[in-house]
Amino acid sequence: MSHSKTQLELNGSQCILHADPESATSVNEGVTLIPWMGDNANLIDRYDVRGHLYSESDFGLRGSESDGEEEEEEEELDKERYMFLTVDELEFEAYLEEEEKRF
């Protein structure tokens, strides 16, 4: 397999959709929505995963409580996580090998 930046591989399978006009109408009209945490102003779908959470703190959102060191570490991890989306992996490995030889 060639590791060209222009190479793209797609995989898929056939899918059959069953249209049910009654269900679609009830969803669009909000009949299937339920209040989240008893708040009628905040309606969610009955299959929404948020229905299993009991408070907003369960979302795990980072607030102002994280310190600068944590944020720097998270930024470094994000760089590593997404690096190969912009850098060719083989090219990067060759670069690392050259760096090791220099030191």
# chains A, B, ... in the order shown; residues from 1 in each chain; ligands from 1
>>> select_by_dssp(residues="chain A", states="alpha helix (DSSP H)", output="PyMOL selection string")
chain A and resi 21-29+68-82+89-102
>>> write_last_selection(atoms="C-alpha atoms", output="compact mmCIF listing (two decimals), in the first residue's frame")
# COMPACT_ATOMS: atom_id res chain seq x y z
CA PRO A 21 -44.79 9.41 8.10
CA GLU A 22 -46.58 9.22 11.49
CA SER A 23 -43.31 8.87 13.41
CA ALA A 24 -41.70 11.66 11.42
CA THR A 25 -44.62 13.98 12.15
CA SER A 26 -44.56 13.24 15.89
CA VAL A 27 -40.80 13.85 16.06
CA ASN A 28 -41.04 17.11 14.10
CA GLU A 29 -43.89 18.36 16.30
CA GLY A 68 -2.11 26.43 33.25
CA GLU A 69 0.08 23.32 33.52
CA GLU A 70 -2.90 21.05 32.81
CA GLU A 71 -3.88 23.13 29.80
CA GLU A 72 -0.34 23.01 28.38
CA GLU A 73 -0.25 19.24 28.83
CA GLU A 74 -3.63 18.89 27.12
CA GLU A 75 -2.43 21.03 24.19
CA GLU A 76 0.65 18.81 23.78
CA LEU A 77 -1.53 15.69 23.84
CA ASP A 78 -3.85 17.21 21.24
CA LYS A 79 -0.87 17.96 18.99
CA GLU A 80 0.18 14.31 19.21
CA ARG A 81 -3.40 13.08 18.74
CA TYR A 82 -4.03 15.00 15.55
CA GLU A 89 3.50 9.28 9.28
CA LEU A 90 6.39 7.71 7.34
CA GLU A 91 7.93 11.12 6.74
CA PHE A 92 7.71 11.88 10.46
CA GLU A 93 9.29 8.54 11.44
CA ALA A 94 12.18 9.26 9.06
CA TYR A 95 12.56 12.69 10.68
CA LEU A 96 12.69 11.13 14.15
CA GLU A 97 15.33 8.63 13.01
CA GLU A 98 17.47 11.47 11.67
CA GLU A 99 17.07 13.39 14.93
CA GLU A 100 18.22 10.33 16.92
CA LYS A 101 21.31 9.98 14.74
CA ARG A 102 22.29 13.59 15.39
>>> select_by_dssp(residues="segment 27-90 of chain A", states="strand (DSSP E)", output="list in words")
Leu33, Ile34, Pro35, Trp36, Asp39, Asn40, Ala41, Asn42, Leu43, Ile44 and Asp45 of chain A
>>> write_last_selection(atoms="N, CA and C atoms", output="PDB file, in the first residue's frame")
ATOM      1  N   LEU A  33     -40.522  14.525  22.671  1.00  0.00           N
ATOM      2  CA  LEU A  33     -39.558  15.188  23.548  1.00  0.00           C
ATOM      3  C   LEU A  33     -40.016  15.112  25.000  1.00  0.00           C
ATOM      4  N   ILE A  34     -39.042  14.991  25.887  1.00  0.00           N
ATOM      5  CA  ILE A  34     -39.333  14.914  27.327  1.00  0.00           C
ATOM      6  C   ILE A  34     -38.512  15.982  28.050  1.00  0.00           C
ATOM      7  N   PRO A  35     -38.973  16.459  29.204  1.00  0.00           N
ATOM      8  CA  PRO A  35     -38.198  17.462  29.947  1.00  0.00           C
ATOM      9  C   PRO A  35     -36.949  16.817  30.548  1.00  0.00           C
ATOM     10  N   TRP A  36     -35.832  17.537  30.443  1.00  0.00           N
ATOM     11  CA  TRP A  36     -34.585  17.031  31.018  1.00  0.00           C
ATOM     12  C   TRP A  36     -34.453  17.567  32.423  1.00  0.00           C
ATOM     13  N   ASP A  39     -37.074  20.016  33.877  1.00  0.00           N
ATOM     14  CA  ASP A  39     -37.181  21.386  33.371  1.00  0.00           C
ATOM     15  C   ASP A  39     -37.952  21.370  32.051  1.00  0.00           C
ATOM     16  N   ASN A  40     -39.189  21.853  32.075  1.00  0.00           N
ATOM     17  CA  ASN A  40     -40.019  21.858  30.868  1.00  0.00           C
ATOM     18  C   ASN A  40     -39.501  22.804  29.791  1.00  0.00           C
ATOM     19  N   ALA A  41     -38.608  23.710  30.152  1.00  0.00           N
ATOM     20  CA  ALA A  41     -38.028  24.623  29.169  1.00  0.00           C
ATOM     21  C   ALA A  41     -36.885  23.959  28.405  1.00  0.00           C
ATOM     22  N   ASN A  42     -36.391  22.850  28.919  1.00  0.00           N
ATOM     23  CA  ASN A  42     -35.263  22.157  28.295  1.00  0.00           C
ATOM     24  C   ASN A  42     -35.709  20.753  27.899  1.00  0.00           C
ATOM     25  N   LEU A  43     -36.200  20.616  26.673  1.00  0.00           N
ATOM     26  CA  LEU A  43     -36.722  19.333  26.206  1.00  0.00           C
ATOM     27  C   LEU A  43     -35.673  18.596  25.389  1.00  0.00           C
ATOM     28  N   ILE A  44     -35.593  17.281  25.603  1.00  0.00           N
ATOM     29  CA  ILE A  44     -34.670  16.444  24.838  1.00  0.00           C
ATOM     30  C   ILE A  44     -35.428  15.244  24.288  1.00  0.00           C
ATOM     31  N   ASP A  45     -34.857  14.607  23.290  1.00  0.00           N
ATOM     32  CA  ASP A  45     -35.447  13.395  22.736  1.00  0.00           C
ATOM     33  C   ASP A  45     -35.366  12.288  23.784  1.00  0.00           C
TER      34      ASP A  45
END
>>> atom_distance(atom1="atom CA of Leu53 of chain A", atom2="atom CA of Thr32 of chain A")
18.6 Å
>>> atom_distance(atom1="atom CA of Ser13 of chain A", atom2="atom CA of Leu85 of chain A")
25.1 Å
>>> atom_distance(atom1="atom CA of Ile16 of chain A", atom2="atom CA of Gly51 of chain A")
28.4 Å
